[in-house]
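Novice: So that we are looking at the same thing, I have put the structure below in structure tokens.
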Amino acid sequence: MDMLKVWISKLERRDRICLVTGLVTGLVTHLMMLTNKITNLDDIVCVPDVGGGAVLGRYLQMPVHMLFSEWSAPALNGMMAILLLTITCCILLHLLRLNSDTAAVLVPFLMLTGPSVASNMYYMYLAPTFAVAILLSVATVAITEWGGRFGWIPGFCLLIISMACYQAYFALCATVFLLAFAMALIDGKEPRKVIIRGLRALLVLGLAMAGYLLSLRLLPIELSDYKGLDSIGDTTLISRMHSVLRTWHRVLQYFVTRPESYNVGAPILWMRMLSLCLVILFIILIVQRRMVQSRTRLLLLLFVLALLPCAMGLTYVMAPEVSHASTVMTFSYIGFDLLLVAFLERIRVSALRAEGKGPATVRRQALTAFLTATVLLLIARGYTDYRLVNNAYYRSHLAQIRMEQFYGRIMERLESEGYVAGEPVMIVGQYDPEPLPTQQLNMGGEIYEDFEGMTLEAHLFLPTIRSFMLRRFLGMGITVWGQEEMETMEARQEVQAMPVYPAQGCVSRIDGVWVLRVGQEEAR
């Protein structure tokens, strides 16, 4: 029996379209990352480990990490991440009851070109681990919704596992729950049944958070203070209320008032126009579905949609000390695109039903034109994200090549002074505030300030990175120095008296250590 043919035949049309679109979009969008080793600061220092792992509350990262390439091979880890995210898109189509071919194309297209996915790819050693966490967070909603009376039990267990891989995807789970409830209300489900589903979802989210926090207490883990992780569950009520209000503010800033630095020009225009389209689509839906006649359902829908920005920005509630969520943490903002696609499909379905009741009118033609324009705006937004991602990859790759060559020139200078391979080397000082010699042509690097994982020349020359760059990318048997050791060496009088590279005398051998000075002081 041809099992593959049987399995494929069991897939619905929308699933096949979604799988093909997701895999092709992911491959094309991230091709440069998949075919080149574009490194990231954590990728340099942590591999083959996971870096923070347990001390960041992500105690399952290592077991999941070992299922893929521990050396962050991009063709393996990257493709596995794309596959897992594409499967997630298929589940989302079913959860939100999106049946059209357009939705089956738009959902994976918008997700796989998103900046958050590219940010995950920068952390290539953890990219599939992040994707597993994303898949589990969405699967939590699916199994809770479809698992019958006791679906909530495996639901909250899956969410605990997801959080133990990466906590921020708890926000994605809450976002998808709310989206599913909003669609159920729009589709005419009884408010009472939706409220019951909402209470069950609240139970799942609450038990998962409680179970996760309990696991942190029971396991021998001392949490780091990185981005307020050690304060999860320990903040005051006032601080928690303030962080809830901040979620709405941050989401509004992201899409309308103060977009991230990498959204320059057209992307800002697209997002603002799409935000306006979302409001208009909602009003059209209310009129089409005559929801004013069912005030209870309308009020409940308004309440659910008001909670949606809070769910999308839930990271600010989970870790109130976070002032600006990273690009990895904003993955839940895909909820904005999902809501747009869901509104578009439901309005189009209602419009098609109306067309069968009489001849086309100017109003219907105007509606069709508006829906078409909104779809085109979504495609334009996806393309600008695709453009952003590839420009960011290229800029990072260029920075890496420049710095590898710069380190090579440094090693040549050391060898010309008598350095022998295997002897200890320390590079002290920093180009501060002057830019690195390899950074003179910045090529728009400043716009990526908010792009988590993005690597520029200055990042690859931080004092804590230098030894790892020489070991990993030049294959030198270099001693890895601690910050305190480097500061002690920098403070010595004989080092202070040395000129800076490439001046004559910038290299000296002190207590058996070859020291090369590149700046007047350490970077702060």
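All residue names refer to the structure tokens as shown: chains lettered A, B, ... in order, residues numbered from 1 in each chain, ligands numbered from 1 in order.
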Env of Ile196 in chain A: 12 Å cut, atoms = only C-alpha atoms, seq-sep filter 6 positions within chain, self excluded. Answer as a PyMOL selection string.
Specialist: chain A and resi 145+149+181+189-190+202-203
Novice: Those residues with C-alpha atoms, as a PDB file, in the first residue's frame please?
Specialist:
ATOM      1  CA  GLU A 145     -10.982  23.031  22.194  1.00  0.00           C
ATOM      2  CA  ARG A 149     -14.563  17.173  28.451  1.00  0.00           C
ATOM      3  CA  PHE A 181     -13.577  32.764  20.912  1.00  0.00           C
ATOM      4  CA  LYS A 189     -22.257  30.609  18.790  1.00  0.00           C
ATOM      5  CA  GLU A 190     -24.262  31.067  21.949  1.00  0.00           C
ATOM      6  CA  LEU A 202      -8.624  30.410  31.755  1.00  0.00           C
ATOM      7  CA  LEU A 203      -8.279  27.211  33.760  1.00  0.00           C
TER       8      LEU A 203
END
Novice: Run DSSP on the backbone and give me the residues of range 111-230 of chain A it puts in alpha helix (DSSP H), as number ranges by chain.
Specialist: A: 111-112, 115-122, 127-146, 152-165, 169-186, 191-218
Novice: As a PyMOL selection string, please: the residues near Thr296 in chain A (cut-off 10 Å, only C-alpha atoms, same-chain neighbours under 5 positions excluded).
Specialist: chain A and resi 190-192+291+301-302
Novice: With only C-alpha atoms as the counted atoms, please give the residues lying no more than 9 Å from Gly445 in chain A, apart from itself and same-chain residues fewer than 5 positions off, as an NGL selection string.
Specialist: :A and (392 or 395-396 or 456)
Novice: Quick check, in Å to one decimal: how far apart do CA of Thr39 in chain A and CA of Ile478 in chain A lie?
Specialist: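 Computed distance, CA of Thr39 in chain A to CA of Ile478 in chain A, equals 19.0 Å.
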Novice: Of the candidates A:Met3, A:Ile447, A:Ile87, A:Val495, which one gets nearest to Ile427 in chain A if we count only C-alpha atoms?
Specialist: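 With only C-alpha atoms as the atom set, the closest residue is A:Val495.
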Novice: My list of candidates is A:Ala54, A:Phe170, A:Ala142, A:Leu274. Which is closest to Phe370 in chain A when distances are computed with only C-alpha atoms?
Specialist: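 With only C-alpha atoms as the atom set, the closest residue is A:Leu274.
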Novice: Can you list, as a PyMOL selection string, every protein, DNA or RNA residue that comes within 12 Å of Gln253 in chain A when you count only C-alpha atoms, leaving out same-chain residues fewer than 5 positions away?
Specialist: chain A and resi 246-248+258-261+263+268+271-272+275+309+313+324-325
Novice: Please provide the set of residues having any atom within 9 Å of range 94-104 of chain A, restricted to only C-alpha atoms, with same-chain residues fewer than 3 positions apart removed, written as a JSON list (two decimals) with C-alpha atoms, in the first residue's frame.
Specialist:
[["chain", "number", "residue", "atom", "x", "y", "z"],
["A", 13, "ARG", "CA", -7.23, 21.06, 0.37],
["A", 14, "ARG", "CA", -6.48, 24.00, 2.69],
["A", 15, "ASP", "CA", -3.90, 21.89, 4.56],
["A", 16, "ARG", "CA", -2.08, 20.95, 1.37],
["A", 17, "ILE", "CA", -2.04, 24.58, 0.21],
["A", 18, "CYS", "CA", -0.86, 25.74, 3.62],
["A", 19, "LEU", "CA", 1.94, 23.16, 3.79],
["A", 21, "THR", "CA", 2.97, 27.76, 0.87],
["A", 89, "CYS", "CA", -0.17, 27.34, 10.49],
["A", 90, "CYS", "CA", -2.30, 24.35, 9.49],
["A", 91, "ILE", "CA", -3.60, 24.02, 13.06],
["A", 107, "VAL", "CA", -1.50, 32.69, 7.07],
["A", 108, "PRO", "CA", 1.79, 30.83, 6.37],
["A", 109, "PHE", "CA", 3.01, 33.65, 4.10],
["A", 141, "VAL", "CA", -5.55, 25.58, 22.26],
["A", 142, "ALA", "CA", -6.38, 22.84, 19.76],
["A", 145, "GLU", "CA", -10.98, 23.03, 22.19],
["A", 176, "VAL", "CA", -5.04, 32.17, 19.89],
["A", 177, "PHE", "CA", -7.60, 31.29, 22.57],
["A", 179, "LEU", "CA", -9.08, 34.68, 18.49],
["A", 180, "ALA", "CA", -10.94, 31.36, 18.54],
["A", 181, "PHE", "CA", -13.58, 32.76, 20.91],
["A", 183, "MET", "CA", -14.58, 33.85, 15.68],
["A", 184, "ALA", "CA", -17.07, 31.63, 17.51],
["A", 338, "LEU", "CA", -4.74, 36.32, 11.88],
["A", 341, "VAL", "CA", -7.52, 37.27, 7.62],
["A", 342, "ALA", "CA", -10.39, 35.88, 9.71],
["A", 344, "LEU", "CA", -11.78, 39.12, 5.56],
["A", 345, "GLU", "CA", -12.94, 35.55, 5.10],
["A", 346, "ARG", "CA", -16.13, 35.96, 7.11],
["A", 375, "VAL", "CA", -5.57, 41.47, 0.80]]
